[in-house]
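S.K.: My structure file input-v2.cif, mmCIF, C-alpha atoms and all ligand atoms, is below:
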```
data_query
#
loop_
_atom_site.group_PDB
_atom_site.id
_atom_site.type_symbol
_atom_site.label_atom_id
_atom_site.label_comp_id
_atom_site.auth_asym_id
_atom_site.auth_seq_id
_atom_site.Cartn_x
_atom_site.Cartn_y
_atom_site.Cartn_z
ATOM 1 C CA MET A 89 18.830 -14.109 3.340
ATOM 2 C CA THR A 90 15.712 -14.683 1.267
ATOM 3 C CA PRO A 91 13.473 -11.770 0.238
ATOM 4 C CA ASP A 92 10.868 -13.167 2.626
ATOM 5 C CA SER A 93 13.230 -13.181 5.594
ATOM 6 C CA LEU A 94 14.157 -9.563 4.778
ATOM 7 C CA LYS A 95 10.472 -8.644 4.776
ATOM 8 C CA ARG A 96 10.102 -10.277 8.183
ATOM 9 C CA GLU A 97 13.107 -8.349 9.538
ATOM 10 C CA ALA A 98 11.628 -5.053 8.392
ATOM 11 C CA ALA A 99 8.292 -6.029 9.952
ATOM 12 C CA ALA A 100 9.977 -6.929 13.236
ATOM 13 C CA ARG A 101 11.725 -3.531 13.383
ATOM 14 C CA ALA A 102 8.375 -1.777 12.913
ATOM 15 C CA LEU A 103 7.183 -3.337 16.176
ATOM 16 C CA ASP A 104 9.592 -0.978 17.998
ATOM 17 C CA PHE A 105 7.294 1.893 16.963
ATOM 18 C CA VAL A 106 4.199 0.300 18.512
ATOM 19 C CA ARG A 107 3.128 1.495 21.975
ATOM 20 C CA PRO A 108 0.467 0.064 24.306
ATOM 21 C CA GLY A 109 -2.975 1.501 23.607
ATOM 22 C CA MET A 110 -2.209 2.440 19.999
ATOM 23 C CA ARG A 111 -4.847 2.374 17.298
ATOM 24 C CA LEU A 112 -3.082 0.724 14.364
ATOM 25 C CA GLY A 113 -3.759 0.582 10.641
ATOM 26 C CA LEU A 114 -2.819 -2.894 9.424
ATOM 27 C CA GLY A 115 -1.502 -3.038 5.853
ATOM 28 C CA THR A 116 -1.903 -5.656 3.155
ATOM 29 C CA GLY A 117 0.525 -7.895 1.265
ATOM 30 C CA SER A 118 3.290 -10.363 2.003
ATOM 31 C CA THR A 119 5.363 -7.898 4.069
ATOM 32 C CA ALA A 120 2.448 -6.517 6.083
ATOM 33 C CA LYS A 121 1.397 -10.118 6.725
ATOM 34 C CA HIS A 122 4.618 -10.640 8.686
ATOM 35 C CA PHE A 123 3.878 -7.529 10.735
ATOM 36 C CA VAL A 124 0.387 -8.781 11.575
ATOM 37 C CA ALA A 125 1.760 -12.180 12.610
ATOM 38 C CA LEU A 126 4.488 -10.632 14.799
ATOM 39 C CA LEU A 127 2.053 -8.128 16.308
ATOM 40 C CA GLY A 128 -0.247 -11.035 17.106
ATOM 41 C CA GLU A 129 2.555 -12.659 19.118
ATOM 42 C CA ARG A 130 2.920 -9.466 21.174
ATOM 43 C CA VAL A 131 -0.831 -9.202 21.667
ATOM 44 C CA ARG A 132 -1.008 -12.763 22.905
ATOM 45 C CA ALA A 133 1.778 -11.857 25.339
ATOM 46 C CA GLY A 134 -0.340 -9.001 26.711
ATOM 47 C CA LEU A 135 0.118 -5.953 24.445
ATOM 48 C CA ASP A 136 -3.115 -3.953 24.254
ATOM 49 C CA VAL A 137 -3.665 -2.398 20.803
ATOM 50 C CA ILE A 138 -6.573 -2.156 18.424
ATOM 51 C CA GLY A 139 -6.272 -2.658 14.666
ATOM 52 C CA VAL A 140 -8.102 -1.481 11.558
ATOM 53 C CA SER A 141 -7.440 -3.697 8.564
ATOM 54 C CA THR A 142 -6.869 -2.464 5.005
ATOM 55 C CA SER A 143 -8.321 -5.557 3.311
ATOM 56 C CA GLU A 144 -10.458 -8.585 3.914
ATOM 57 C CA ALA A 145 -7.304 -10.732 3.703
ATOM 58 C CA THR A 146 -5.645 -8.756 6.493
ATOM 59 C CA ARG A 147 -8.834 -8.829 8.545
ATOM 60 C CA ALA A 148 -8.737 -12.645 8.405
ATOM 61 C CA ASP A 149 -5.021 -12.742 9.319
ATOM 62 C CA ALA A 150 -5.470 -10.294 12.195
ATOM 63 C CA GLU A 151 -8.440 -12.191 13.581
ATOM 64 C CA ALA A 152 -6.502 -15.443 13.392
ATOM 65 C CA ALA A 153 -3.578 -13.763 15.186
ATOM 66 C CA GLY A 154 -5.858 -12.644 18.030
ATOM 67 C CA ILE A 155 -5.620 -8.888 17.324
ATOM 68 C CA ARG A 156 -8.667 -6.901 18.473
ATOM 69 C CA LEU A 157 -10.179 -5.207 15.423
ATOM 70 C CA SER A 158 -12.185 -2.069 14.921
ATOM 71 C CA THR A 159 -13.531 -0.131 11.942
ATOM 72 C CA LEU A 160 -12.930 3.417 10.772
ATOM 73 C CA GLU A 161 -16.538 4.159 11.737
ATOM 74 C CA GLU A 162 -15.837 3.239 15.363
ATOM 75 C CA THR A 163 -12.208 4.419 15.342
ATOM 76 C CA PRO A 164 -11.833 7.207 12.774
ATOM 77 C CA VAL A 165 -8.468 8.460 14.024
ATOM 78 C CA LEU A 166 -5.490 6.102 14.093
ATOM 79 C CA ASP A 167 -2.036 6.532 15.629
ATOM 80 C CA LEU A 168 0.055 4.534 13.192
ATOM 81 C CA THR A 169 -0.305 2.487 10.021
ATOM 82 C CA VAL A 170 2.295 -0.126 9.075
ATOM 83 C CA ASP A 171 2.126 -1.316 5.477
ATOM 84 C CA GLY A 172 4.246 -2.659 2.633
ATOM 85 C CA ALA A 173 4.894 -0.981 -0.724
ATOM 86 C CA ASP A 174 5.675 -1.901 -4.298
ATOM 87 C CA GLU A 175 8.195 0.927 -4.718
ATOM 88 C CA ILE A 176 9.637 3.594 -2.438
ATOM 89 C CA ALA A 177 11.651 6.595 -3.595
ATOM 90 C CA PRO A 178 14.160 8.611 -1.516
ATOM 91 C CA ASP A 179 11.521 11.281 -0.718
ATOM 92 C CA LEU A 180 9.379 8.403 0.650
ATOM 93 C CA SER A 181 6.769 8.748 -2.043
ATOM 94 C CA ALA A 182 5.573 5.257 -2.902
ATOM 95 C CA ILE A 183 3.628 3.076 -5.278
ATOM 96 C CA LYS A 184 1.140 0.708 -3.669
ATOM 97 C CA GLY A 185 -1.663 -1.526 -4.850
ATOM 98 C CA GLY A 186 0.163 -4.504 -6.316
ATOM 99 C CA GLY A 187 -2.206 -6.645 -4.272
ATOM 100 C CA GLY A 188 -5.211 -4.504 -5.134
ATOM 101 C CA ALA A 189 -5.719 -2.972 -1.684
ATOM 102 C CA LEU A 190 -4.710 0.609 -2.508
ATOM 103 C CA LEU A 191 -8.062 2.282 -1.845
ATOM 104 C CA ARG A 192 -8.549 1.010 1.700
ATOM 105 C CA GLU A 193 -4.815 1.360 2.322
ATOM 106 C CA LYS A 194 -4.884 5.030 1.364
ATOM 107 C CA ILE A 195 -8.017 5.750 3.422
ATOM 108 C CA VAL A 196 -6.508 4.037 6.475
ATOM 109 C CA ALA A 197 -3.111 5.727 6.007
ATOM 110 C CA SER A 198 -4.802 9.117 5.648
ATOM 111 C CA ALA A 199 -6.681 8.542 8.906
ATOM 112 C CA SER A 200 -3.384 7.811 10.686
ATOM 113 C CA ALA A 201 -1.128 10.283 12.409
ATOM 114 C CA SER A 202 1.847 8.423 10.971
ATOM 115 C CA MET A 203 2.639 5.751 8.384
ATOM 116 C CA ILE A 204 5.578 3.365 8.316
ATOM 117 C CA VAL A 205 6.403 1.434 5.173
ATOM 118 C CA ILE A 206 8.257 -1.853 5.570
ATOM 119 C CA ALA A 207 10.034 -3.475 2.649
ATOM 120 C CA ASP A 208 12.979 -5.454 1.402
ATOM 121 C CA GLU A 209 15.595 -3.465 -0.493
ATOM 122 C CA SER A 210 14.287 -4.506 -3.928
ATOM 123 C CA LYS A 211 11.484 -1.954 -3.440
ATOM 124 C CA TRP A 212 13.838 1.020 -3.066
ATOM 125 C CA VAL A 213 14.109 2.985 -6.343
ATOM 126 C CA GLU A 214 15.599 6.307 -7.397
ATOM 127 C CA THR A 215 12.500 7.190 -9.439
ATOM 128 C CA LEU A 216 9.031 5.672 -9.174
ATOM 129 C CA GLY A 217 7.488 3.935 -12.164
ATOM 130 C CA ARG A 218 9.251 0.678 -12.914
ATOM 131 C CA PHE A 219 6.392 -1.063 -11.092
ATOM 132 C CA PRO A 220 3.137 -0.603 -13.059
ATOM 133 C CA LEU A 221 1.008 1.981 -11.261
ATOM 134 C CA PRO A 222 -2.333 0.531 -10.072
ATOM 135 C CA VAL A 223 -5.340 2.752 -10.710
ATOM 136 C CA GLU A 224 -8.666 1.649 -9.188
ATOM 137 C CA VAL A 225 -11.645 2.429 -11.417
ATOM 138 C CA VAL A 226 -15.397 1.787 -11.389
ATOM 139 C CA PRO A 227 -16.497 -0.907 -13.869
ATOM 140 C CA PHE A 228 -19.039 1.425 -15.525
ATOM 141 C CA GLY A 229 -17.478 3.225 -18.477
ATOM 142 C CA LEU A 230 -14.238 1.252 -18.330
ATOM 143 C CA ALA A 231 -13.268 1.950 -21.972
ATOM 144 C CA PRO A 232 -13.455 5.775 -21.820
ATOM 145 C CA THR A 233 -11.933 5.781 -18.342
ATOM 146 C CA ARG A 234 -8.996 3.794 -19.660
ATOM 147 C CA ILE A 235 -8.483 6.244 -22.531
ATOM 148 C CA ALA A 236 -8.641 9.166 -20.088
ATOM 149 C CA VAL A 237 -6.180 7.477 -17.707
ATOM 150 C CA GLU A 238 -3.692 6.952 -20.544
ATOM 151 C CA ALA A 239 -4.154 10.586 -21.614
ATOM 152 C CA ALA A 240 -3.547 11.745 -18.031
ATOM 153 C CA ALA A 241 -0.283 9.801 -17.898
ATOM 154 C CA ALA A 242 0.850 11.191 -21.251
ATOM 155 C CA ALA A 243 0.025 14.740 -20.141
ATOM 156 C CA ALA A 244 2.073 14.171 -16.973
ATOM 157 C CA GLY A 245 5.101 13.282 -19.096
ATOM 158 C CA CYS A 246 4.952 9.503 -18.771
ATOM 159 C CA PRO A 247 2.943 7.895 -21.562
ATOM 160 C CA GLY A 248 2.167 4.197 -21.262
ATOM 161 C CA PRO A 249 -0.541 1.594 -21.678
ATOM 162 C CA ALA A 250 -3.201 0.908 -19.052
ATOM 163 C CA GLU A 251 -3.929 -2.828 -18.795
ATOM 164 C CA LEU A 252 -6.992 -4.203 -17.062
ATOM 165 C CA ARG A 253 -5.777 -6.425 -14.224
ATOM 166 C CA ARG A 254 -7.014 -9.991 -14.558
ATOM 167 C CA THR A 255 -7.085 -13.047 -12.320
ATOM 168 C CA ARG A 256 -5.195 -16.207 -13.270
ATOM 169 C CA GLU A 257 -8.468 -17.513 -14.670
ATOM 170 C CA GLY A 258 -8.682 -14.507 -16.980
ATOM 171 C CA HIS A 259 -11.538 -12.675 -15.245
ATOM 172 C CA ALA A 260 -11.282 -9.008 -14.377
ATOM 173 C CA PHE A 261 -9.717 -8.655 -10.916
ATOM 174 C CA VAL A 262 -12.270 -7.155 -8.516
ATOM 175 C CA THR A 263 -11.121 -5.209 -5.448
ATOM 176 C CA ASP A 264 -12.619 -5.418 -1.957
ATOM 177 C CA GLY A 265 -14.583 -2.296 -2.934
ATOM 178 C CA GLY A 266 -16.051 -3.957 -6.057
ATOM 179 C CA HIS A 267 -13.909 -1.984 -8.515
ATOM 180 C CA PHE A 268 -11.491 -2.894 -11.319
ATOM 181 C CA ILE A 269 -7.779 -2.063 -11.531
ATOM 182 C CA LEU A 270 -5.888 -0.613 -14.477
ATOM 183 C CA ASP A 271 -2.128 -1.196 -14.272
ATOM 184 C CA LEU A 272 -0.293 1.678 -15.913
ATOM 185 C CA ALA A 273 3.088 0.633 -17.328
ATOM 186 C CA LEU A 274 5.003 3.905 -17.312
ATOM 187 C CA GLY A 275 8.641 2.912 -16.790
ATOM 188 C CA ARG A 276 9.478 6.176 -15.069
ATOM 189 C CA ILE A 277 7.269 8.806 -13.424
ATOM 190 C CA PRO A 278 9.177 12.084 -13.612
ATOM 191 C CA GLN A 279 6.551 14.164 -11.755
ATOM 192 C CA PRO A 280 4.489 11.957 -9.390
ATOM 193 C CA ARG A 281 2.501 14.881 -7.951
ATOM 194 C CA VAL A 282 1.429 16.051 -11.396
ATOM 195 C CA LEU A 283 0.398 12.537 -12.372
ATOM 196 C CA ALA A 284 -1.487 12.093 -9.085
ATOM 197 C CA GLU A 285 -3.470 15.278 -9.681
ATOM 198 C CA ARG A 286 -4.300 14.370 -13.270
ATOM 199 C CA LEU A 287 -5.407 10.830 -12.389
ATOM 200 C CA ALA A 288 -7.557 12.052 -9.508
ATOM 201 C CA ALA A 289 -9.380 14.349 -11.937
ATOM 202 C CA VAL A 290 -10.492 11.521 -14.257
ATOM 203 C CA PRO A 291 -14.173 10.584 -13.793
ATOM 204 C CA GLY A 292 -14.345 6.872 -13.021
ATOM 205 C CA VAL A 293 -11.032 6.798 -11.188
ATOM 206 C CA VAL A 294 -11.669 5.896 -7.565
ATOM 207 C CA GLU A 295 -8.051 6.084 -6.389
ATOM 208 C CA HIS A 296 -4.510 5.604 -7.626
ATOM 209 C CA GLY A 297 -1.535 3.895 -6.042
ATOM 210 C CA LEU A 298 0.711 6.951 -5.680
ATOM 211 C CA PHE A 299 1.224 7.608 -1.969
ATOM 212 C CA ILE A 300 2.697 11.088 -1.735
ATOM 213 C CA GLY A 301 3.338 12.840 1.574
ATOM 214 C CA LEU A 302 1.855 9.957 3.566
ATOM 215 C CA VAL A 303 4.879 7.879 4.521
ATOM 216 C CA ARG A 304 6.725 9.233 7.563
ATOM 217 C CA THR A 305 9.256 6.394 7.931
ATOM 218 C CA ALA A 306 10.535 3.605 5.683
ATOM 219 C CA ILE A 307 12.193 0.515 7.126
ATOM 220 C CA ILE A 308 14.247 -1.162 4.419
ATOM 221 C CA ALA A 309 15.829 -4.547 4.985
ATOM 222 C CA GLY A 310 18.807 -5.563 2.866
ATOM 223 C CA ALA A 311 21.619 -8.090 2.857
ATOM 224 C CA SER A 312 23.821 -5.586 4.703
ATOM 225 C CA GLY A 313 21.237 -4.772 7.385
ATOM 226 C CA LEU A 314 18.254 -2.579 8.190
ATOM 227 C CA ARG A 315 17.920 1.059 7.201
ATOM 228 C CA VAL A 316 15.393 3.458 8.699
ATOM 229 C CA GLU A 317 14.659 6.469 6.483
ATOM 230 C CA ASN A 318 12.588 9.410 7.681
ATOM 231 C CA ALA A 319 10.724 11.925 5.536
HETATM 232 O O1 LIG B 1 -2.273 -3.809 -2.584
HETATM 233 C C1 LIG B 1 -1.300 -4.226 -1.971
HETATM 234 C C2 LIG B 1 -0.398 -3.407 -1.183
HETATM 235 O O2 LIG B 1 -0.241 -2.101 -1.615
HETATM 236 C C3 LIG B 1 0.909 -4.063 -0.776
HETATM 237 O O3 LIG B 1 1.300 -3.450 0.413
HETATM 238 C C4 LIG B 1 2.012 -3.933 -1.809
HETATM 239 O O4 LIG B 1 1.581 -4.492 -3.029
HETATM 240 C C5 LIG B 1 3.309 -4.630 -1.351
HETATM 241 O O5 LIG B 1 3.052 -5.989 -1.192
HETATM 242 P P1 LIG B 1 4.203 -7.009 -0.803
HETATM 243 O O6 LIG B 1 4.596 -6.688 0.597
HETATM 244 O O7 LIG B 1 3.527 -8.355 -0.944
HETATM 245 O O8 LIG B 1 5.295 -6.851 -1.801
#
```
Translate the structure described by the file into structure tokens.
M.R.:
Amino acid sequence: MTPDSLKREAAARALDFVRPGMRLGLGTGSTAKHFVALLGERVRAGLDVIGVSTSEATRADAEAAGIRLSTLEETPVLDLTVDGADEIAPDLSAIKGGGGALLREKIVASASASMIVIADESKWVETLGRFPLPVEVVPFGLAPTRIAVEAAAAAAGCPGPAELRRTREGHAFVTDGGHFILDLALGRIPQPRVLAERLAAVPGVVEHGLFIGLVRTAIIAGASGLRVENA
């Protein structure tokens, strides 16, 4: 079993939660991509759903798969969002944003009655923080925002450096919303809620990748099978 085949298994299990007529949030990343492809197969076989994408990349995938798309303006209330994650803890709090889509992902998840996270077992952790926490910031005032973000992490009991995310070519990575990302290398986040509150209070921070209280169900695929965890 490769990590990619585990991701596909988790994505396939998430299809069991989809009902005809649902308004679906479509996540971003390599795991969510499998879900979009598999959902597209069902749609082409007659399933009637409507999707709202969490990134331009997912919009392109969903269109190619034949999934009817809407926007949050037209469809502000969704039934279910299915998305990947960079880390998931036993209370189903999660880190997201490794692909830079955290802002739209959080808006879409918050507009959904329910959120399912799909992942291979490497994403399951006892404590969040091994994966650097993405923090989306406006380009204006980057230097003071970065200092304030590092201070917020230290005050929340998890000091660590905030690195500006760059492309392979060395340019600042720009999100679909036109913002930058600071990746906070914290190692361990002992109090995610406290950190979330402190980061949200920093001027210049648009959103952070801590998803707390949003995930209803996690589908985790491992070598020994699939696990479905509920919050
Ligand atoms: O910004 C990207 C998203 O939060 C992804 O869902 C997350 O990074 C997990 O991606 P993957 O399924 O590729 O590991």
S.K.: Give the answer as one residue: which of A:Val223, A:Ala173, A:Ile138, A:Ala231 has the shortest atom-to-atom distance to Ile269 in chain A, using only C-alpha atoms?
M.R.: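 Among the listed residues, A:Val223 lies closest to Ile269 in chain A.
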S.K.: Record the distance separating CA of Pro178 in chain A and CA of Ala98 in chain A, expressed in Å with one decimal.
M.R.: 17.1 Å
S.K.: From the set A:Arg276, A:Lys194, A:His259, A:Arg254, which residue has the shortest atom-to-atom contact distance to ligand LIG 1 (chain B), counting all atoms listed in the file?
M.R.: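 For ligand LIG 1 (chain B), the nearest of the candidates is A:Lys194.
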S.K.: So what does the PyMOL selection byres (((chain A and resi 142) around 8) and not hetatm) actually pick up in this one, as a list in words?
M.R.: Gly113, Leu114, Gly115, Thr116, Val140, Ser141, Ser143, Glu144, Thr146, Arg147, Ala189, Arg192, Glu193 and Val196 of chain A
S.K.: If you take every atom of ligand LIG 1 (chain B) that the file lists and fit an axis-aligned box around them with 5 Å extra on each side, what centre and edge lengths come out in Å to one decimal, as lines of an AutoDock Vina configuration file?
M.R.:
```
center_x = 1.5
center_y = -5.2
center_z = -1.2
size_x = 17.6
size_y = 16.3
size_z = 13.6
```
S.K.: Hey, what comes out of the PyMOL selection byres (((not hetatm)) within 7 of (chain B and resi 1)) on this file? Could you write it as an MDAnalysis selection string?
M.R.: chainID A and resid 115:120 171:174 184:190 193 207
S.K.: With distances taken over all atoms listed in the file, which of A:Ala306, A:Val226, A:Ala150, A:Ile183 is nearest to Lys121 in chain A?
M.R.: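 Closest candidate: A:Ala150.
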S.K.: What is the distance between CA of Ala100 in chain A and CA of Gly128 in chain A, in Å to one decimal?
M.R.: 11.7 Å
S.K.: What does the distance from CA of Ala133 in chain A to CA of Arg315 in chain A come to in Å, to one decimal?
M.R.: 27.5 Å
